[in-house]
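J.: I'd like to ask some things about the structure below.
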Amino acid sequence: MNAAAAAFAAAMAAAFPGGPPQRLGLAVSGGGDSTAVALLTADWAGPRGVTLCAATVDHGLRPGSAAEAAAAGAVCAGLGIAHATLRWETPQGRGNLQDRARQARQRLIAAWAAERGIVHVATGHTLDDQAETVLLRLARGSGVDGLAAMAPVRRLAGVVWLRPLLAVPRAALRDLLRARGLAWAEDPSNDDLRFARARARAALAALAPLGITAAGLAATAARMATARAALGRAAAELADRAARIEAGDVLLDAAALAAAPDELRERLLAHALVWVGGGPYRPRHADLRRLAAAIAAGRGGTLAGCRATVAGGTLRIGREWQAVRHITAPPGAPWDGRWRLTGPALPGAEVGALGPEGLADCPKWRETGLPRPSLLASPAVRAGGRLVAAPLAGRPEGWTAEPLRHAADFRAGLVGD
């Protein structure tokens, strides 16, 4: 077993301490890194009886992308891996193109995995990717969490994403592919200096004479990950003393929060915002500091789709109505990632935010003890434009609002962040 295969096997053993899953997904772009992860996974899965399924996302952003996806499928077929090509149908939009493509890729693969009952999906991120990420985070002035870079295991969009090659250099994977006679496609954007990651790759080569290497930066990320875990445990202990969950909101003891060290206070606040708002990332540090200052002054504010209010010595982090006013779902389906409403069969029923007009139709809402901002963003049932039920606002009408996030999840997220 060569070094790359040994590192891969060790990472998979750490990811599956109770034994491998029956099915495992692969994100395969056709590039060298993902082709290598397909090869190594096929070698690993065969003796263990693991069924593999791979997906390639064709972003359609350059000529030849469909042919590259087909080539990736051919490689997978040669390795005995079932393959599907997923197409990004709406690449238009504003903002960072590579970031939008990455998010689309995650959404498409997560949906593909869910349809097949696949929980885990492995990707081809390498030691070099980890080092480049550290450089990019340094450029942003990131703290411990940012410099911990990419985790070997991450839960997002209902999928457990595995990165079993974070300890393996890109060059070693290319050597492995050549030895096995496998070809791969080179993405021209990897060398396009318009993109930040390409510039980071070029900078890393330029920094080598100073002794700043990919291996050294990846080692820094590993040490930062250890520090992040320790801070997460300390923040969880603070949450045990200072936090509770009420009707989907996070309530924090303002005095205990103010007395905590800055790092723990901001970590707990950021986690509460992500937990309530459902965003994939914590807010930018400058925005978080501004909100923390407003909270300390007793004003509160909004951030990340959440509203922070201070009253009676308690800081409440709740969902902001404006952030959910256009979100709808059928009864029985998750709404805003926070609630599932079930009740009598009602044709044409739809779940959405209660809002001001809906709250006006709930004369007993004050008896619930919940503040008005929280109830505005709470789930309600409508049919034909008419309010049918608002379980959290004193109008259950036979309907139940089941929370999809619980206090134990809140604490576990702190330890796992």
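Just remember, in the structure tokens the first chain shown is A, the second B, etc., residues are 1-based per chain, and ligands are 1-based in the order shown.
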As a PyMOL selection string, which residues of range 32-243 of chain A does DSSP assign to helix (DSSP H, G or I)?

T.: chain A and resi 32-48+65-78+97-115+127-139+144-147+170-180+188-191+196-210+214-242

J.: Mind the document's chain letters and residue numbers, and return as an NGL selection string the residues of range 174-381 of chain A that DSSP labels strand (DSSP E or B).

T.: :A and (243-246 or 249-253 or 301-303 or 306-311 or 314-319 or 329 or 334-335 or 339-342 or 349-353 or 379-381)

J.: With distances taken over only C-alpha atoms, which residue among A:Ile212, A:Ala292, A:Trp161, A:Val144 lies nearest Ala230 in chain A?

T.: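 Smallest distance to Ala230 in chain A is found for A:Val144.
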
J.: Pick out the residues sitting within 8 Å of Ala110 in chain A, and hand them over as number ranges by chain; count only C-alpha atoms, and ignore anything fewer than 3 positions along from it in its own chain.

T.: A: 106-107, 113-114, 157-159

J.: Write a file of the just-selected residues containing N, CA and C atoms, as a PDB file, in the first residue's frame.

T.:
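Full text of selection11.pdb as output:
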```pdb
ATOM      1  N   GLN A 106     -22.958  21.764  -4.225  1.00  0.00           N
ATOM      2  CA  GLN A 106     -23.365  21.135  -2.970  1.00  0.00           C
ATOM      3  C   GLN A 106     -24.856  20.827  -2.956  1.00  0.00           C
ATOM      4  N   ARG A 107     -25.663  21.776  -3.423  1.00  0.00           N
ATOM      5  CA  ARG A 107     -27.118  21.555  -3.430  1.00  0.00           C
ATOM      6  C   ARG A 107     -27.490  20.381  -4.338  1.00  0.00           C
ATOM      7  N   ALA A 113     -27.911  12.703  -3.539  1.00  0.00           N
ATOM      8  CA  ALA A 113     -27.641  11.731  -2.482  1.00  0.00           C
ATOM      9  C   ALA A 113     -28.916  11.360  -1.731  1.00  0.00           C
ATOM     10  N   ALA A 114     -29.741  12.362  -1.425  1.00  0.00           N
ATOM     11  CA  ALA A 114     -30.976  12.092  -0.686  1.00  0.00           C
ATOM     12  C   ALA A 114     -31.893  11.164  -1.463  1.00  0.00           C
ATOM     13  N   ALA A 157     -26.361  20.455   4.530  1.00  0.00           N
ATOM     14  CA  ALA A 157     -27.450  20.162   3.600  1.00  0.00           C
ATOM     15  C   ALA A 157     -27.888  18.699   3.671  1.00  0.00           C
ATOM     16  N   GLY A 158     -27.883  18.139   4.879  1.00  0.00           N
ATOM     17  CA  GLY A 158     -28.334  16.766   5.047  1.00  0.00           C
ATOM     18  C   GLY A 158     -27.331  15.715   4.636  1.00  0.00           C
ATOM     19  N   VAL A 159     -26.108  16.124   4.315  1.00  0.00           N
ATOM     20  CA  VAL A 159     -25.070  15.196   3.870  1.00  0.00           C
ATOM     21  C   VAL A 159     -23.872  15.288   4.809  1.00  0.00           C
TER      22      VAL A 159
END
```

J.: Suppose you want the space between CA of Gln130 in chain A and CA of Ala167 in chain A; what is it in Å?

T.: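 These atoms are spaced 8.8 Å apart.
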
J.: Considering only C-alpha atoms, return as a list in words whatever protein or nucleic-acid residues lie within 9 Å of range 192-204 of chain A, sequence-local ones (same chain, fewer than 3 positions apart) excluded.

T.: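 My reading of the contact set: Gln98, Asp128, Asp129, Ala131, Glu132, Thr133, Leu135, Leu136, Pro188, Ser189, Leu207, Ala208, Ile212, Thr213 and Ala214 of chain A.
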
J.: Would you mind telling me which residue in A:Arg223, A:Arg137, A:Ala70, A:Ala15 lies nearest to Val121 in chain A when using only C-alpha atoms?

T.: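 Going through A:Arg223, A:Arg137, A:Ala70, A:Ala15 one by one, the smallest distance to Val121 in chain A is for A:Ala15.
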